[in-house]
file coords.pdb (PDB, C-alpha atoms)
ATOM      1  CA  MET A   1     -19.292  16.900   1.532  1.00  0.00           C
ATOM      2  CA  GLU A   2     -20.542  17.628  -1.970  1.00  0.00           C
ATOM      3  CA  LYS A   3     -19.554  15.665  -5.040  1.00  0.00           C
ATOM      4  CA  LEU A   4     -17.710  17.822  -7.580  1.00  0.00           C
ATOM      5  CA  SER A   5     -18.932  18.190 -11.153  1.00  0.00           C
ATOM      6  CA  GLY A   6     -16.835  17.184 -14.155  1.00  0.00           C
ATOM      7  CA  ASN A   7     -15.918  20.823 -14.824  1.00  0.00           C
ATOM      8  CA  GLU A   8     -14.961  21.446 -11.209  1.00  0.00           C
ATOM      9  CA  ILE A   9     -12.773  18.348 -11.244  1.00  0.00           C
ATOM     10  CA  GLN A  10     -10.950  19.447 -14.405  1.00  0.00           C
ATOM     11  CA  GLU A  11     -10.337  22.896 -12.912  1.00  0.00           C
ATOM     12  CA  LYS A  12      -9.064  21.507  -9.613  1.00  0.00           C
ATOM     13  CA  LEU A  13      -6.897  18.974 -11.397  1.00  0.00           C
ATOM     14  CA  ARG A  14      -5.297  21.774 -13.426  1.00  0.00           C
ATOM     15  CA  ASP A  15      -4.569  23.783 -10.258  1.00  0.00           C
ATOM     16  CA  LEU A  16      -3.215  20.719  -8.500  1.00  0.00           C
ATOM     17  CA  ASN A  17      -0.887  19.764 -11.338  1.00  0.00           C
ATOM     18  CA  ILE A  18       0.720  23.201 -11.546  1.00  0.00           C
ATOM     19  CA  ILE A  19       2.863  22.247  -8.562  1.00  0.00           C
ATOM     20  CA  SER A  20       3.256  18.586  -9.541  1.00  0.00           C
ATOM     21  CA  GLU A  21       6.277  17.105 -11.227  1.00  0.00           C
ATOM     22  CA  ASN A  22       4.196  14.393 -12.859  1.00  0.00           C
ATOM     23  CA  PRO A  23       0.440  14.881 -12.969  1.00  0.00           C
ATOM     24  CA  TRP A  24      -2.371  13.480 -10.895  1.00  0.00           C
ATOM     25  CA  GLN A  25      -4.777  11.784 -13.260  1.00  0.00           C
ATOM     26  CA  LEU A  26      -8.461  11.082 -13.258  1.00  0.00           C
ATOM     27  CA  ASN A  27      -9.116   7.335 -12.997  1.00  0.00           C
ATOM     28  CA  GLY A  28     -12.832   6.559 -13.020  1.00  0.00           C
ATOM     29  CA  ASP A  29     -14.332   8.424 -10.066  1.00  0.00           C
ATOM     30  CA  ALA A  30     -10.940   8.911  -8.365  1.00  0.00           C
ATOM     31  CA  ILE A  31      -7.682  10.827  -8.789  1.00  0.00           C
ATOM     32  CA  GLU A  32      -4.469   8.866  -8.845  1.00  0.00           C
ATOM     33  CA  LYS A  33      -0.738   9.529  -8.890  1.00  0.00           C
ATOM     34  CA  GLU A  34       2.357   7.359  -8.887  1.00  0.00           C
ATOM     35  CA  PHE A  35       5.243   8.660  -6.805  1.00  0.00           C
ATOM     36  CA  LEU A  36       8.741   7.383  -7.527  1.00  0.00           C
ATOM     37  CA  PHE A  37      11.589   7.349  -5.011  1.00  0.00           C
ATOM     38  CA  GLU A  38      15.210   6.338  -4.914  1.00  0.00           C
ATOM     39  CA  ASP A  39      14.579   3.283  -2.759  1.00  0.00           C
ATOM     40  CA  PHE A  40      12.168   1.594  -0.343  1.00  0.00           C
ATOM     41  CA  ILE A  41      13.258   3.588   2.697  1.00  0.00           C
ATOM     42  CA  ARG A  42      12.425   6.845   0.944  1.00  0.00           C
ATOM     43  CA  ALA A  43       9.132   5.495  -0.404  1.00  0.00           C
ATOM     44  CA  PHE A  44       8.006   4.288   3.003  1.00  0.00           C
ATOM     45  CA  SER A  45       9.141   7.493   4.708  1.00  0.00           C
ATOM     46  CA  PHE A  46       6.859   9.364   2.326  1.00  0.00           C
ATOM     47  CA  MET A  47       4.017   6.973   3.187  1.00  0.00           C
ATOM     48  CA  THR A  48       4.543   7.649   6.884  1.00  0.00           C
ATOM     49  CA  LYS A  49       4.168  11.379   6.330  1.00  0.00           C
ATOM     50  CA  VAL A  50       1.074  10.859   4.176  1.00  0.00           C
ATOM     51  CA  ALA A  51      -0.388   8.523   6.838  1.00  0.00           C
ATOM     52  CA  ILE A  52      -0.249  11.273   9.436  1.00  0.00           C
ATOM     53  CA  VAL A  53      -1.844  13.804   7.079  1.00  0.00           C
ATOM     54  CA  VAL A  54      -4.718  11.555   5.997  1.00  0.00           C
ATOM     55  CA  GLU A  55      -5.439  10.490   9.570  1.00  0.00           C
ATOM     56  CA  LYS A  56      -5.581  14.154  10.564  1.00  0.00           C
ATOM     57  CA  PHE A  57      -8.200  14.727   7.841  1.00  0.00           C
ATOM     58  CA  SER A  58      -9.942  11.414   8.670  1.00  0.00           C
ATOM     59  CA  HIS A  59      -9.869  10.696   4.964  1.00  0.00           C
ATOM     60  CA  HIS A  60      -7.826   7.726   3.823  1.00  0.00           C
ATOM     61  CA  PRO A  61      -6.522   6.784   0.396  1.00  0.00           C
ATOM     62  CA  GLU A  62      -6.328   3.449  -1.278  1.00  0.00           C
ATOM     63  CA  TRP A  63      -2.604   3.085  -1.877  1.00  0.00           C
ATOM     64  CA  THR A  64      -0.127   0.515  -3.050  1.00  0.00           C
ATOM     65  CA  ASN A  65       3.609   0.312  -2.524  1.00  0.00           C
ATOM     66  CA  ILE A  66       5.980  -1.747  -4.655  1.00  0.00           C
ATOM     67  CA  PHE A  67       9.603  -1.188  -3.577  1.00  0.00           C
ATOM     68  CA  ASN A  68      10.331   2.436  -4.607  1.00  0.00           C
ATOM     69  CA  ARG A  69       6.865   3.183  -6.038  1.00  0.00           C
ATOM     70  CA  VAL A  70       3.791   4.470  -4.219  1.00  0.00           C
ATOM     71  CA  ILE A  71       0.472   4.708  -6.087  1.00  0.00           C
ATOM     72  CA  VAL A  72      -2.054   6.890  -4.247  1.00  0.00           C
ATOM     73  CA  THR A  73      -5.762   6.869  -5.141  1.00  0.00           C
ATOM     74  CA  LEU A  74      -8.174   9.387  -3.629  1.00  0.00           C
ATOM     75  CA  ARG A  75     -11.976   9.445  -3.748  1.00  0.00           C
ATOM     76  CA  THR A  76     -14.799  10.134  -1.290  1.00  0.00           C
ATOM     77  CA  HIS A  77     -16.894   7.024  -0.757  1.00  0.00           C
ATOM     78  CA  GLU A  78     -19.628   8.908   1.088  1.00  0.00           C
ATOM     79  CA  ALA A  79     -20.117  11.219  -1.903  1.00  0.00           C
ATOM     80  CA  ASP A  80     -19.669   8.432  -4.447  1.00  0.00           C
ATOM     81  CA  GLY A  81     -17.082  10.533  -6.268  1.00  0.00           C
ATOM     82  CA  LEU A  82     -14.554  13.320  -5.804  1.00  0.00           C
ATOM     83  CA  THR A  83     -14.978  16.152  -3.314  1.00  0.00           C
ATOM     84  CA  ASN A  84     -12.952  19.166  -2.215  1.00  0.00           C
ATOM     85  CA  LEU A  85     -11.439  17.011   0.513  1.00  0.00           C
ATOM     86  CA  ASP A  86      -9.709  14.781  -2.039  1.00  0.00           C
ATOM     87  CA  PHE A  87      -8.073  17.783  -3.666  1.00  0.00           C
ATOM     88  CA  ASP A  88      -7.157  19.333  -0.298  1.00  0.00           C
ATOM     89  CA  ILE A  89      -5.368  16.128   0.636  1.00  0.00           C
ATOM     90  CA  ALA A  90      -3.700  15.812  -2.772  1.00  0.00           C
ATOM     91  CA  ASN A  91      -2.359  19.337  -2.271  1.00  0.00           C
ATOM     92  CA  GLU A  92      -1.129  18.466   1.227  1.00  0.00           C
ATOM     93  CA  ILE A  93       0.617  15.385  -0.172  1.00  0.00           C
ATOM     94  CA  GLU A  94       2.348  17.506  -2.827  1.00  0.00           C
ATOM     95  CA  HIS A  95       3.684  19.776  -0.108  1.00  0.00           C
ATOM     96  CA  LEU A  96       5.226  16.795   1.689  1.00  0.00           C
ATOM     97  CA  LEU A  97       7.525  16.055  -1.238  1.00  0.00           C
TER      98      LEU A  97
ATOM     99  CA  MET B   1      17.649 -18.185  -4.239  1.00  0.00           C
ATOM    100  CA  GLU B   2      15.922 -21.269  -5.626  1.00  0.00           C
ATOM    101  CA  LYS B   3      12.328 -21.335  -6.811  1.00  0.00           C
ATOM    102  CA  LEU B   4      10.188 -23.727  -4.764  1.00  0.00           C
ATOM    103  CA  SER B   5       8.257 -26.566  -6.382  1.00  0.00           C
ATOM    104  CA  GLY B   6       4.470 -26.859  -6.140  1.00  0.00           C
ATOM    105  CA  ASN B   7       4.781 -29.519  -3.433  1.00  0.00           C
ATOM    106  CA  GLU B   8       7.249 -27.475  -1.415  1.00  0.00           C
ATOM    107  CA  ILE B   9       4.932 -24.476  -1.624  1.00  0.00           C
ATOM    108  CA  GLN B  10       1.954 -26.488  -0.373  1.00  0.00           C
ATOM    109  CA  GLU B  11       3.994 -27.823   2.537  1.00  0.00           C
ATOM    110  CA  LYS B  12       5.331 -24.421   3.513  1.00  0.00           C
ATOM    111  CA  LEU B  13       1.894 -22.867   3.185  1.00  0.00           C
ATOM    112  CA  ARG B  14       0.511 -25.507   5.567  1.00  0.00           C
ATOM    113  CA  ASP B  15       3.244 -24.792   8.118  1.00  0.00           C
ATOM    114  CA  LEU B  16       2.759 -21.049   7.761  1.00  0.00           C
ATOM    115  CA  ASN B  17      -0.990 -21.218   8.234  1.00  0.00           C
ATOM    116  CA  ILE B  18      -0.774 -23.206  11.471  1.00  0.00           C
ATOM    117  CA  ILE B  19      -0.003 -19.974  13.279  1.00  0.00           C
ATOM    118  CA  SER B  20      -2.281 -17.793  11.145  1.00  0.00           C
ATOM    119  CA  GLU B  21      -5.757 -16.673  12.110  1.00  0.00           C
ATOM    120  CA  ASN B  22      -6.837 -16.437   8.512  1.00  0.00           C
ATOM    121  CA  PRO B  23      -4.731 -18.219   5.928  1.00  0.00           C
ATOM    122  CA  TRP B  24      -2.145 -17.009   3.481  1.00  0.00           C
ATOM    123  CA  GLN B  25      -3.260 -18.070   0.044  1.00  0.00           C
ATOM    124  CA  LEU B  26      -1.532 -18.913  -3.192  1.00  0.00           C
ATOM    125  CA  ASN B  27      -2.341 -16.318  -5.852  1.00  0.00           C
ATOM    126  CA  GLY B  28      -0.657 -17.124  -9.157  1.00  0.00           C
ATOM    127  CA  ASP B  29       3.082 -17.253  -8.433  1.00  0.00           C
ATOM    128  CA  ALA B  30       2.725 -15.353  -5.134  1.00  0.00           C
ATOM    129  CA  ILE B  31       1.351 -15.767  -1.617  1.00  0.00           C
ATOM    130  CA  GLU B  32      -1.125 -13.238  -0.368  1.00  0.00           C
ATOM    131  CA  LYS B  33      -2.910 -12.390   2.862  1.00  0.00           C
ATOM    132  CA  GLU B  34      -5.366  -9.702   3.930  1.00  0.00           C
ATOM    133  CA  PHE B  35      -4.858  -8.360   7.434  1.00  0.00           C
ATOM    134  CA  LEU B  36      -7.735  -6.600   9.168  1.00  0.00           C
ATOM    135  CA  PHE B  37      -7.351  -4.042  11.947  1.00  0.00           C
ATOM    136  CA  GLU B  38      -9.595  -1.947  14.121  1.00  0.00           C
ATOM    137  CA  ASP B  39      -8.702   1.293  12.370  1.00  0.00           C
ATOM    138  CA  PHE B  40      -6.189   3.066  10.138  1.00  0.00           C
ATOM    139  CA  ILE B  41      -3.745   3.846  12.922  1.00  0.00           C
ATOM    140  CA  ARG B  42      -3.447   0.165  13.794  1.00  0.00           C
ATOM    141  CA  ALA B  43      -3.209  -0.864  10.136  1.00  0.00           C
ATOM    142  CA  PHE B  44      -0.439   1.627   9.418  1.00  0.00           C
ATOM    143  CA  SER B  45       1.415   0.754  12.628  1.00  0.00           C
ATOM    144  CA  PHE B  46       1.501  -2.836  11.401  1.00  0.00           C
ATOM    145  CA  MET B  47       2.813  -1.633   8.024  1.00  0.00           C
ATOM    146  CA  THR B  48       5.602   0.268   9.758  1.00  0.00           C
ATOM    147  CA  LYS B  49       6.727  -2.866  11.547  1.00  0.00           C
ATOM    148  CA  VAL B  50       6.547  -4.900   8.332  1.00  0.00           C
ATOM    149  CA  ALA B  51       8.501  -2.164   6.508  1.00  0.00           C
ATOM    150  CA  ILE B  52      11.417  -2.535   8.906  1.00  0.00           C
ATOM    151  CA  VAL B  53      11.395  -6.339   8.601  1.00  0.00           C
ATOM    152  CA  VAL B  54      11.295  -6.410   4.798  1.00  0.00           C
ATOM    153  CA  GLU B  55      14.008  -3.778   4.520  1.00  0.00           C
ATOM    154  CA  LYS B  56      16.192  -5.876   6.849  1.00  0.00           C
ATOM    155  CA  PHE B  57      15.707  -8.850   4.504  1.00  0.00           C
ATOM    156  CA  SER B  58      16.079  -6.609   1.415  1.00  0.00           C
ATOM    157  CA  HIS B  59      12.949  -8.294   0.112  1.00  0.00           C
ATOM    158  CA  HIS B  60       9.920  -6.088  -0.396  1.00  0.00           C
ATOM    159  CA  PRO B  61       6.258  -6.991  -0.816  1.00  0.00           C
ATOM    160  CA  GLU B  62       3.670  -5.533  -3.105  1.00  0.00           C
ATOM    161  CA  TRP B  63       1.100  -4.278  -0.625  1.00  0.00           C
ATOM    162  CA  THR B  64      -2.051  -2.229  -0.568  1.00  0.00           C
ATOM    163  CA  ASN B  65      -3.746  -0.415   2.294  1.00  0.00           C
ATOM    164  CA  ILE B  66      -7.388   0.649   2.338  1.00  0.00           C
ATOM    165  CA  PHE B  67      -8.298   2.185   5.699  1.00  0.00           C
ATOM    166  CA  ASN B  68      -8.158  -0.754   8.152  1.00  0.00           C
ATOM    167  CA  ARG B  69      -7.114  -3.392   5.594  1.00  0.00           C
ATOM    168  CA  VAL B  70      -3.617  -4.345   4.476  1.00  0.00           C
ATOM    169  CA  ILE B  71      -3.173  -6.825   1.626  1.00  0.00           C
ATOM    170  CA  VAL B  72       0.372  -8.216   1.466  1.00  0.00           C
ATOM    171  CA  THR B  73       1.666 -10.074  -1.592  1.00  0.00           C
ATOM    172  CA  LEU B  74       5.029 -11.835  -1.548  1.00  0.00           C
ATOM    173  CA  ARG B  75       7.002 -13.339  -4.426  1.00  0.00           C
ATOM    174  CA  THR B  76      10.632 -13.402  -5.545  1.00  0.00           C
ATOM    175  CA  HIS B  77      11.033 -11.620  -8.870  1.00  0.00           C
ATOM    176  CA  GLU B  78      14.599 -12.869  -9.356  1.00  0.00           C
ATOM    177  CA  ALA B  79      13.407 -16.490  -9.093  1.00  0.00           C
ATOM    178  CA  ASP B  80      10.217 -15.861 -11.073  1.00  0.00           C
ATOM    179  CA  GLY B  81       8.198 -17.486  -8.303  1.00  0.00           C
ATOM    180  CA  LEU B  82       8.211 -18.282  -4.596  1.00  0.00           C
ATOM    181  CA  THR B  83      11.363 -18.978  -2.596  1.00  0.00           C
ATOM    182  CA  ASN B  84      12.206 -19.755   1.026  1.00  0.00           C
ATOM    183  CA  LEU B  85      12.693 -16.030   1.574  1.00  0.00           C
ATOM    184  CA  ASP B  86       9.012 -15.337   0.907  1.00  0.00           C
ATOM    185  CA  PHE B  87       7.975 -17.841   3.533  1.00  0.00           C
ATOM    186  CA  ASP B  88      10.609 -16.618   6.010  1.00  0.00           C
ATOM    187  CA  ILE B  89       9.207 -13.117   5.693  1.00  0.00           C
ATOM    188  CA  ALA B  90       5.591 -14.310   5.906  1.00  0.00           C
ATOM    189  CA  ASN B  91       6.531 -16.049   9.176  1.00  0.00           C
ATOM    190  CA  GLU B  92       8.227 -12.899  10.461  1.00  0.00           C
ATOM    191  CA  ILE B  93       5.106 -10.887   9.596  1.00  0.00           C
ATOM    192  CA  GLU B  94       2.929 -13.351  11.510  1.00  0.00           C
ATOM    193  CA  HIS B  95       5.116 -12.876  14.563  1.00  0.00           C
ATOM    194  CA  LEU B  96       4.592  -9.119  14.400  1.00  0.00           C
ATOM    195  CA  LEU B  97       0.865  -9.495  14.984  1.00  0.00           C
TER     196      LEU B  97
END

call {"tool": "encode", "arguments": {"input": "coords.pdb", "output": "structure tokens"}}
result
Amino acid sequence: MEKLSGNEIQEKLRDLNIISENPWQLNGDAIEKEFLFEDFIRAFSFMTKVAIVVEKFSHHPEWTNIFNRVIVTLRTHEADGLTNLDFDIANEIEHLL
Amino acid sequence: MEKLSGNEIQEKLRDLNIISENPWQLNGDAIEKEFLFEDFIRAFSFMTKVAIVVEKFSHHPEWTNIFNRVIVTLRTHEADGLTNLDFDIANEIEHLL
């Protein structure tokens, strides 16, 4: 799993955000997005779907839930940065919405 | 929902931690505990159980998951501090383990 360069990250972020309502953003060596829902049940239902996807990819986010908000952070520890896998999963997450 | 005093919090924390493997701790105006599991599936299964409990109580934590770790933070925003409800839910969470 190869670490992406700054240019590759910018390009992938642009592609990713074409289908996003509100953009994923670069935060240090990770990409991050806050998802907003109507209530807790909807927020946690989304988390359940994401949980199954990330387990399938064996690649897990750091994520926080506060009532109707879910903040998802993706990075690849093994590569000490962002890899294609992070963007693949971000795209999968977008398709769950 | 009445805000608990410092003494009440210490007493309730003592009672709560009798049944805990590793203790809940006071963090500012909240109580917090890190739960460790064997893997992501077990960590997220625990979160699913907690989700149903907190929704039943209409009282939601701020919580973060990183692979096999779940950090749960409880406070009562409406009371600007800790209330009996936070400790009731912490006890319920302990019984889920």

call {"tool": "interface_residues", "arguments": {"input": "coords.pdb", "of": "chain A", "to": "chain B", "cutoff": "12 Å", "atoms": "all atoms listed in the file", "output": "MDAnalysis selection string"}}
result
chainID A and resid 39:56 58:75 77

call {"tool": "resolve_selection", "arguments": {"input": "coords.pdb", "expression": "the PyMOL selection byres ((chain A and resi 87) around 12)", "output": "PyMOL selection string"}}
result
chain A and resi 3-4+8-17+24-26+30-32+54+57+59+61+73-76+81-86+88-94

call {"tool": "write_last_selection", "arguments": {"input": "coords.pdb", "atoms": "C-alpha atoms", "output": "CSV table (one decimal), keeping the file's coordinate frame"}}
result
chain,number,residue,atom,x,y,z
A,3,LYS,CA,-19.6,15.7,-5.0
A,4,LEU,CA,-17.7,17.8,-7.6
A,8,GLU,CA,-15.0,21.4,-11.2
A,9,ILE,CA,-12.8,18.3,-11.2
A,10,GLN,CA,-11.0,19.4,-14.4
A,11,GLU,CA,-10.3,22.9,-12.9
A,12,LYS,CA,-9.1,21.5,-9.6
A,13,LEU,CA,-6.9,19.0,-11.4
A,14,ARG,CA,-5.3,21.8,-13.4
A,15,ASP,CA,-4.6,23.8,-10.3
A,16,LEU,CA,-3.2,20.7,-8.5
A,17,ASN,CA,-0.9,19.8,-11.3
A,24,TRP,CA,-2.4,13.5,-10.9
A,25,GLN,CA,-4.8,11.8,-13.3
A,26,LEU,CA,-8.5,11.1,-13.3
A,30,ALA,CA,-10.9,8.9,-8.4
A,31,ILE,CA,-7.7,10.8,-8.8
A,32,GLU,CA,-4.5,8.9,-8.8
A,54,VAL,CA,-4.7,11.6,6.0
A,57,PHE,CA,-8.2,14.7,7.8
A,59,HIS,CA,-9.9,10.7,5.0
A,61,PRO,CA,-6.5,6.8,0.4
A,73,THR,CA,-5.8,6.9,-5.1
A,74,LEU,CA,-8.2,9.4,-3.6
A,75,ARG,CA,-12.0,9.4,-3.7
A,76,THR,CA,-14.8,10.1,-1.3
A,81,GLY,CA,-17.1,10.5,-6.3
A,82,LEU,CA,-14.6,13.3,-5.8
A,83,THR,CA,-15.0,16.2,-3.3
A,84,ASN,CA,-13.0,19.2,-2.2
A,85,LEU,CA,-11.4,17.0,0.5
A,86,ASP,CA,-9.7,14.8,-2.0
A,88,ASP,CA,-7.2,19.3,-0.3
A,89,ILE,CA,-5.4,16.1,0.6
A,90,ALA,CA,-3.7,15.8,-2.8
A,91,ASN,CA,-2.4,19.3,-2.3
A,92,GLU,CA,-1.1,18.5,1.2
A,93,ILE,CA,0.6,15.4,-0.2
A,94,GLU,CA,2.3,17.5,-2.8

call {"tool": "atom_distance", "arguments": {"input": "coords.pdb", "atom1": "CA of Met1 (chain A)", "atom2": "CA of Ala79 (chain A)"}}
result
6.7 Å

call {"tool": "atom_distance", "arguments": {"input": "coords.pdb", "atom1": "CA of His95 (chain B)", "atom2": "CA of Ile18 (chain B)"}}
result
12.3 Å

call {"tool": "calpha_fit_and_write", "arguments": {"input": "coords.pdb", "fixed": "chain B", "moving": "chain A", "output": "compact mmCIF listing (two decimals) with C-alpha atoms, keeping the file's coordinate frame"}}
result
# COMPACT_ATOMS: atom_id res chain seq x y z
CA MET A 1 17.65 -18.20 -4.23
CA GLU A 2 15.91 -21.26 -5.63
CA LYS A 3 12.33 -21.33 -6.82
CA LEU A 4 10.18 -23.72 -4.77
CA SER A 5 8.25 -26.55 -6.38
CA GLY A 6 4.47 -26.86 -6.15
CA ASN A 7 4.79 -29.53 -3.44
CA GLU A 8 7.26 -27.47 -1.43
CA ILE A 9 4.93 -24.48 -1.62
CA GLN A 10 1.94 -26.49 -0.38
CA GLU A 11 4.00 -27.85 2.53
CA LYS A 12 5.33 -24.42 3.50
CA LEU A 13 1.89 -22.88 3.19
CA ARG A 14 0.50 -25.52 5.57
CA ASP A 15 3.25 -24.80 8.12
CA LEU A 16 2.76 -21.07 7.76
CA ASN A 17 -1.00 -21.23 8.25
CA ILE A 18 -0.78 -23.23 11.47
CA ILE A 19 0.00 -19.99 13.29
CA SER A 20 -2.28 -17.81 11.16
CA GLU A 21 -5.72 -16.66 12.15
CA ASN A 22 -6.83 -16.44 8.53
CA PRO A 23 -4.72 -18.22 5.94
CA TRP A 24 -2.14 -17.01 3.48
CA GLN A 25 -3.27 -18.08 0.04
CA LEU A 26 -1.55 -18.91 -3.18
CA ASN A 27 -2.35 -16.31 -5.85
CA GLY A 28 -0.66 -17.12 -9.15
CA ASP A 29 3.07 -17.24 -8.44
CA ALA A 30 2.73 -15.34 -5.13
CA ILE A 31 1.35 -15.78 -1.61
CA GLU A 32 -1.13 -13.24 -0.35
CA LYS A 33 -2.92 -12.39 2.87
CA GLU A 34 -5.36 -9.71 3.94
CA PHE A 35 -4.85 -8.35 7.44
CA LEU A 36 -7.74 -6.59 9.16
CA PHE A 37 -7.37 -4.03 11.94
CA GLU A 38 -9.60 -1.94 14.12
CA ASP A 39 -8.73 1.31 12.36
CA PHE A 40 -6.20 3.08 10.12
CA ILE A 41 -3.75 3.86 12.91
CA ARG A 42 -3.46 0.18 13.78
CA ALA A 43 -3.21 -0.85 10.13
CA PHE A 44 -0.44 1.63 9.41
CA SER A 45 1.41 0.76 12.62
CA PHE A 46 1.49 -2.82 11.39
CA MET A 47 2.81 -1.63 8.02
CA THR A 48 5.59 0.28 9.76
CA LYS A 49 6.72 -2.86 11.56
CA VAL A 50 6.55 -4.90 8.35
CA ALA A 51 8.52 -2.17 6.51
CA ILE A 52 11.42 -2.54 8.91
CA VAL A 53 11.39 -6.33 8.61
CA VAL A 54 11.30 -6.41 4.81
CA GLU A 55 14.02 -3.78 4.53
CA LYS A 56 16.18 -5.87 6.86
CA PHE A 57 15.72 -8.85 4.52
CA SER A 58 16.09 -6.62 1.42
CA HIS A 59 12.96 -8.29 0.11
CA HIS A 60 9.92 -6.10 -0.39
CA PRO A 61 6.27 -6.99 -0.83
CA GLU A 62 3.68 -5.53 -3.09
CA TRP A 63 1.09 -4.27 -0.62
CA THR A 64 -2.06 -2.23 -0.57
CA ASN A 65 -3.74 -0.42 2.29
CA ILE A 66 -7.38 0.65 2.33
CA PHE A 67 -8.30 2.21 5.69
CA ASN A 68 -8.16 -0.73 8.15
CA ARG A 69 -7.12 -3.38 5.60
CA VAL A 70 -3.62 -4.34 4.48
CA ILE A 71 -3.18 -6.83 1.63
CA VAL A 72 0.37 -8.21 1.47
CA THR A 73 1.67 -10.08 -1.59
CA LEU A 74 5.03 -11.86 -1.55
CA ARG A 75 7.00 -13.35 -4.44
CA THR A 76 10.63 -13.40 -5.56
CA HIS A 77 11.04 -11.62 -8.87
CA GLU A 78 14.59 -12.87 -9.37
CA ALA A 79 13.41 -16.48 -9.11
CA ASP A 80 10.22 -15.84 -11.08
CA GLY A 81 8.21 -17.49 -8.31
CA LEU A 82 8.22 -18.29 -4.61
CA THR A 83 11.37 -18.98 -2.61
CA ASN A 84 12.21 -19.75 1.01
CA LEU A 85 12.70 -16.03 1.56
CA ASP A 86 9.02 -15.33 0.91
CA PHE A 87 7.99 -17.85 3.53
CA ASP A 88 10.62 -16.62 6.01
CA ILE A 89 9.21 -13.12 5.69
CA ALA A 90 5.61 -14.32 5.91
CA ASN A 91 6.55 -16.06 9.16
CA GLU A 92 8.24 -12.90 10.46
CA ILE A 93 5.12 -10.89 9.60
CA GLU A 94 2.93 -13.36 11.52
CA HIS A 95 5.11 -12.88 14.57
CA LEU A 96 4.58 -9.12 14.42
CA LEU A 97 0.84 -9.50 14.99

call {"tool": "atom_distance", "arguments": {"input": "coords.pdb", "atom1": "CA of Asp80 (chain A)", "atom2": "CA of Asn7 (chain A)"}}
result
16.6 Å

call {"tool": "axis_aligned_box", "arguments": {"input": "coords.pdb", "around": "region 44-48 of chain A", "padding_each_side": "3 Å", "output": "lines of an AutoDock Vina configuration file"}}
result
center_x = 6.6
center_y = 6.8
center_z = 4.6
size_x = 11.1
size_y = 11.1
size_z = 10.6

call {"tool": "build_atoms", "arguments": {"input": "coords.pdb", "residues": "region 48-59 of chain A", "atoms": "N, CA, C and O atoms", "output": "mmCIF file, in the coordinates of the input"}}
result
data_model
loop_
_atom_site.group_PDB
_atom_site.id
_atom_site.type_symbol
_atom_site.label_atom_id
_atom_site.label_comp_id
_atom_site.auth_asym_id
_atom_site.auth_seq_id
_atom_site.Cartn_x
_atom_site.Cartn_y
_atom_site.Cartn_z
ATOM 1 N N THR A 48 4.742 7.322 5.469
ATOM 2 C CA THR A 48 4.543 7.649 6.884
ATOM 3 C C THR A 48 4.040 9.079 7.042
ATOM 4 O O THR A 48 3.125 9.352 7.827
ATOM 5 N N LYS A 49 4.626 9.987 6.269
ATOM 6 C CA LYS A 49 4.168 11.379 6.330
ATOM 7 C C LYS A 49 2.727 11.498 5.830
ATOM 8 O O LYS A 49 1.894 12.160 6.444
ATOM 9 N N VAL A 50 2.439 10.823 4.724
ATOM 10 C CA VAL A 50 1.074 10.859 4.176
ATOM 11 C C VAL A 50 0.089 10.257 5.192
ATOM 12 O O VAL A 50 -1.015 10.782 5.392
ATOM 13 N N ALA A 51 0.493 9.185 5.857
ATOM 14 C CA ALA A 51 -0.388 8.523 6.838
ATOM 15 C C ALA A 51 -0.840 9.501 7.917
ATOM 16 O O ALA A 51 -2.005 9.507 8.321
ATOM 17 N N ILE A 52 0.088 10.318 8.367
ATOM 18 C CA ILE A 52 -0.249 11.273 9.436
ATOM 19 C C ILE A 52 -1.197 12.342 8.905
ATOM 20 O O ILE A 52 -2.158 12.725 9.565
ATOM 21 N N VAL A 53 -0.962 12.790 7.680
ATOM 22 C CA VAL A 53 -1.844 13.804 7.079
ATOM 23 C C VAL A 53 -3.256 13.255 6.891
ATOM 24 O O VAL A 53 -4.240 13.892 7.280
ATOM 25 N N VAL A 54 -3.384 12.074 6.307
ATOM 26 C CA VAL A 54 -4.718 11.555 5.997
ATOM 27 C C VAL A 54 -5.490 11.202 7.269
ATOM 28 O O VAL A 54 -6.708 11.353 7.317
ATOM 29 N N GLU A 55 -4.766 10.771 8.298
ATOM 30 C CA GLU A 55 -5.439 10.490 9.570
ATOM 31 C C GLU A 55 -5.947 11.790 10.192
ATOM 32 O O GLU A 55 -7.038 11.835 10.758
ATOM 33 N N LYS A 56 -5.174 12.841 10.049
ATOM 34 C CA LYS A 56 -5.581 14.154 10.564
ATOM 35 C C LYS A 56 -6.886 14.602 9.901
ATOM 36 O O LYS A 56 -7.771 15.154 10.552
ATOM 37 N N PHE A 57 -6.994 14.350 8.595
ATOM 38 C CA PHE A 57 -8.200 14.727 7.841
ATOM 39 C C PHE A 57 -9.303 13.663 7.963
ATOM 40 O O PHE A 57 -10.383 13.857 7.421
ATOM 41 N N SER A 58 -9.006 12.554 8.624
ATOM 42 C CA SER A 58 -9.942 11.414 8.670
ATOM 43 C C SER A 58 -10.433 11.032 7.276
ATOM 44 O O SER A 58 -11.616 10.766 7.062
ATOM 45 N N HIS A 59 -9.508 11.013 6.351
ATOM 46 C CA HIS A 59 -9.869 10.696 4.964
ATOM 47 C C HIS A 59 -8.702 9.911 4.379
ATOM 48 O O HIS A 59 -7.620 10.462 4.159
#
